[in-house]
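Written below as structure tokens is the structure these notes are about.
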Amino acid sequence: MNIFAIIGGGLALALPATAIAQTTPSSGPTLVQLAIGNTLTAVYPDGGPTVTFAFKPDGTFTAVFPGGVQGHGDYVADSRYVCWIVKAPLDEPPGRNVRCEANSTDGHTIGQSWTITDSYGDKPTLTIRPGQ
């Protein structure tokens, strides 16, 4: 699983090794539009990590990474992609703390869970819960 590396108690997000296939924007709200002001949780299968995000409308987020490690950073999003850079914790060289994913809910909404295929080919289950 090439998603998260825990190094020295910190978290590094690796840049995808291959380009993300272009997706068609969904007709409903994007993942970030639903997540702003709410809590987005990604649970990776087979004993993989759980990561919780709180996106804010100003382009920042806070996160709880595996082991309860607190983090924060910035994100940018358009109708197709959301990309974020983790600013803390940062135990990796610049560029290894950036990640981009499809900015789609595939028609799902707050309170529902659904599985996606991420930029590494892993299949986390996403859930957006009301509030932060």
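Letters A, B, ... go to the chains of the structure tokens in the order shown; residues in each chain start at 1; ligands are counted from 1 in the same order.
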Review point. Quick one: residues within 9 Å of Asp118 in chain A, only C-alpha atoms counted, chain neighbours fewer than 4 positions away excluded, as a count of residues only?
Key: 6
Revision key, fill the gap. Judged by only C-alpha atoms, the minimum distance to Asn97 in chain A among A:Gln112, A:Asp78, A:Thr125, A:Gly73 is found for A:Gly73
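When only C-alpha atoms are used to measure the gap to Ile116 in chain A, the shortest distance among A:Pro45, A:Gly131, A:Pro89, A:Gly68 belongs to A:Pro45.
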Review point. In Å, with one decimal, what is the gap from CA of Arg99 in chain A to CA of Ile36 in chain A?
Key: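 These two atoms are separated by 18.0 Å.
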Exercise for review: From a DSSP calculation on the backbone, collect every residue of range 47-107 of chain A in strand (DSSP E) and output the set as number ranges by chain.
Suggested key: A: 50-55, 60-65, 69-77, 81-88, 98-102
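For the pair CA of Val69 in chain A and CA of Trp84 in chain A, the interatomic distance is 17.1 Å.
Compared by their closest atoms to Gly111 in chain A, and using only C-alpha atoms, the residues A:Gln33, A:Thr41, A:Gln70, A:Thr127 rank with A:Thr127 nearest.
The nearest approach to Ser79 in chain A among the residues A:Gly121, A:Trp114, A:Asn103, A:Gln132, with only C-alpha atoms taken into account, belongs to A:Asn103.
Near Val64 in chain A, within 9 Å and counting only C-alpha atoms, sit Thr50, Val51, Thr52, Phe53, Ala54, Thr62, Pro66, Gly67, Gly68, Val69, Gln70, Gly71 and His72 of chain A, not including residues fewer than 2 positions from it in the same chain.
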Writing out the chosen residues with all heavy atoms as a PDB file, in the first residue's frame:
```pdb
ATOM      1  N   THR A  50      -6.586   5.122   9.101  1.00  0.00           N
ATOM      2  CA  THR A  50      -7.771   5.976   9.077  1.00  0.00           C
ATOM      3  C   THR A  50      -7.276   7.406   9.193  1.00  0.00           C
ATOM      4  O   THR A  50      -6.444   7.720  10.046  1.00  0.00           O
ATOM      5  CB  THR A  50      -8.712   5.651  10.254  1.00  0.00           C
ATOM      6  OG1 THR A  50      -9.195   4.316  10.094  1.00  0.00           O
ATOM      7  CG2 THR A  50      -9.890   6.620  10.300  1.00  0.00           C
ATOM      8  N   VAL A  51      -7.774   8.261   8.311  1.00  0.00           N
ATOM      9  CA  VAL A  51      -7.383   9.669   8.306  1.00  0.00           C
ATOM     10  C   VAL A  51      -8.658  10.503   8.339  1.00  0.00           C
ATOM     11  O   VAL A  51      -9.602  10.230   7.597  1.00  0.00           O
ATOM     12  CB  VAL A  51      -6.556  10.029   7.057  1.00  0.00           C
ATOM     13  CG1 VAL A  51      -6.084  11.468   7.116  1.00  0.00           C
ATOM     14  CG2 VAL A  51      -5.372   9.088   6.899  1.00  0.00           C
ATOM     15  N   THR A  52      -8.699  11.507   9.214  1.00  0.00           N
ATOM     16  CA  THR A  52      -9.868  12.361   9.358  1.00  0.00           C
ATOM     17  C   THR A  52      -9.487  13.795   8.994  1.00  0.00           C
ATOM     18  O   THR A  52      -8.480  14.316   9.495  1.00  0.00           O
ATOM     19  CB  THR A  52     -10.398  12.303  10.800  1.00  0.00           C
ATOM     20  OG1 THR A  52     -10.701  10.946  11.107  1.00  0.00           O
ATOM     21  CG2 THR A  52     -11.644  13.150  10.965  1.00  0.00           C
ATOM     22  N   PHE A  53     -10.286  14.425   8.131  1.00  0.00           N
ATOM     23  CA  PHE A  53     -10.032  15.793   7.672  1.00  0.00           C
ATOM     24  C   PHE A  53     -11.176  16.719   8.062  1.00  0.00           C
ATOM     25  O   PHE A  53     -12.337  16.322   8.038  1.00  0.00           O
ATOM     26  CB  PHE A  53      -9.927  15.837   6.142  1.00  0.00           C
ATOM     27  CG  PHE A  53      -8.721  15.162   5.586  1.00  0.00           C
ATOM     28  CD1 PHE A  53      -8.794  13.858   5.134  1.00  0.00           C
ATOM     29  CD2 PHE A  53      -7.509  15.826   5.502  1.00  0.00           C
ATOM     30  CE1 PHE A  53      -7.685  13.219   4.612  1.00  0.00           C
ATOM     31  CE2 PHE A  53      -6.392  15.198   4.978  1.00  0.00           C
ATOM     32  CZ  PHE A  53      -6.478  13.893   4.531  1.00  0.00           C
ATOM     33  N   ALA A  54     -10.823  17.955   8.363  1.00  0.00           N
ATOM     34  CA  ALA A  54     -11.791  19.036   8.554  1.00  0.00           C
ATOM     35  C   ALA A  54     -11.376  20.156   7.602  1.00  0.00           C
ATOM     36  O   ALA A  54     -10.417  20.894   7.873  1.00  0.00           O
ATOM     37  CB  ALA A  54     -11.801  19.511   9.998  1.00  0.00           C
ATOM     38  N   THR A  62      -7.479  20.845   8.811  1.00  0.00           N
ATOM     39  CA  THR A  62      -6.809  20.156   9.910  1.00  0.00           C
ATOM     40  C   THR A  62      -7.064  18.680   9.694  1.00  0.00           C
ATOM     41  O   THR A  62      -8.006  18.289   8.985  1.00  0.00           O
ATOM     42  CB  THR A  62      -7.325  20.597  11.291  1.00  0.00           C
ATOM     43  OG1 THR A  62      -8.732  20.362  11.357  1.00  0.00           O
ATOM     44  CG2 THR A  62      -7.035  22.076  11.547  1.00  0.00           C
ATOM     45  N   PRO A  66      -2.903   8.589  11.326  1.00  0.00           N
ATOM     46  CA  PRO A  66      -2.734   7.394  12.146  1.00  0.00           C
ATOM     47  C   PRO A  66      -1.912   7.675  13.410  1.00  0.00           C
ATOM     48  O   PRO A  66      -0.981   8.476  13.400  1.00  0.00           O
ATOM     49  CB  PRO A  66      -2.000   6.429  11.207  1.00  0.00           C
ATOM     50  CG  PRO A  66      -2.466   6.835   9.847  1.00  0.00           C
ATOM     51  CD  PRO A  66      -2.564   8.338   9.921  1.00  0.00           C
ATOM     52  N   GLY A  67      -2.299   7.008  14.484  1.00  0.00           N
ATOM     53  CA  GLY A  67      -1.618   7.198  15.752  1.00  0.00           C
ATOM     54  C   GLY A  67      -2.029   8.465  16.480  1.00  0.00           C
ATOM     55  O   GLY A  67      -1.409   8.856  17.463  1.00  0.00           O
ATOM     56  N   GLY A  68      -3.082   9.143  15.987  1.00  0.00           N
ATOM     57  CA  GLY A  68      -3.541  10.369  16.624  1.00  0.00           C
ATOM     58  C   GLY A  68      -2.686  11.582  16.311  1.00  0.00           C
ATOM     59  O   GLY A  68      -2.830  12.629  16.935  1.00  0.00           O
ATOM     60  N   VAL A  69      -1.805  11.472  15.320  1.00  0.00           N
ATOM     61  CA  VAL A  69      -0.925  12.583  14.944  1.00  0.00           C
ATOM     62  C   VAL A  69      -1.767  13.709  14.346  1.00  0.00           C
ATOM     63  O   VAL A  69      -2.491  13.506  13.376  1.00  0.00           O
ATOM     64  CB  VAL A  69       0.157  12.118  13.941  1.00  0.00           C
ATOM     65  CG1 VAL A  69       0.992  13.290  13.450  1.00  0.00           C
ATOM     66  CG2 VAL A  69       1.032  11.047  14.568  1.00  0.00           C
ATOM     67  N   GLN A  70      -1.677  14.887  14.950  1.00  0.00           N
ATOM     68  CA  GLN A  70      -2.417  16.063  14.485  1.00  0.00           C
ATOM     69  C   GLN A  70      -1.652  16.736  13.348  1.00  0.00           C
ATOM     70  O   GLN A  70      -0.425  16.834  13.390  1.00  0.00           O
ATOM     71  CB  GLN A  70      -2.586  17.069  15.631  1.00  0.00           C
ATOM     72  CG  GLN A  70      -3.311  16.519  16.842  1.00  0.00           C
ATOM     73  CD  GLN A  70      -4.790  16.335  16.574  1.00  0.00           C
ATOM     74  OE1 GLN A  70      -5.447  17.160  15.965  1.00  0.00           O
ATOM     75  NE2 GLN A  70      -5.314  15.208  17.038  1.00  0.00           N
ATOM     76  N   GLY A  71      -2.372  17.200  12.349  1.00  0.00           N
ATOM     77  CA  GLY A  71      -1.732  17.875  11.229  1.00  0.00           C
ATOM     78  C   GLY A  71      -2.594  18.987  10.686  1.00  0.00           C
ATOM     79  O   GLY A  71      -3.754  19.151  11.070  1.00  0.00           O
ATOM     80  N   HIS A  72      -2.022  19.752   9.780  1.00  0.00           N
ATOM     81  CA  HIS A  72      -2.762  20.807   9.097  1.00  0.00           C
ATOM     82  C   HIS A  72      -2.058  21.139   7.789  1.00  0.00           C
ATOM     83  O   HIS A  72      -0.915  20.736   7.558  1.00  0.00           O
ATOM     84  CB  HIS A  72      -2.890  22.064   9.971  1.00  0.00           C
ATOM     85  CG  HIS A  72      -1.592  22.765  10.185  1.00  0.00           C
ATOM     86  ND1 HIS A  72      -0.721  22.428  11.177  1.00  0.00           N
ATOM     87  CD2 HIS A  72      -1.014  23.777   9.510  1.00  0.00           C
ATOM     88  CE1 HIS A  72       0.339  23.217  11.128  1.00  0.00           C
ATOM     89  NE2 HIS A  72       0.190  24.041  10.113  1.00  0.00           N
TER      90      HIS A  72
END
```
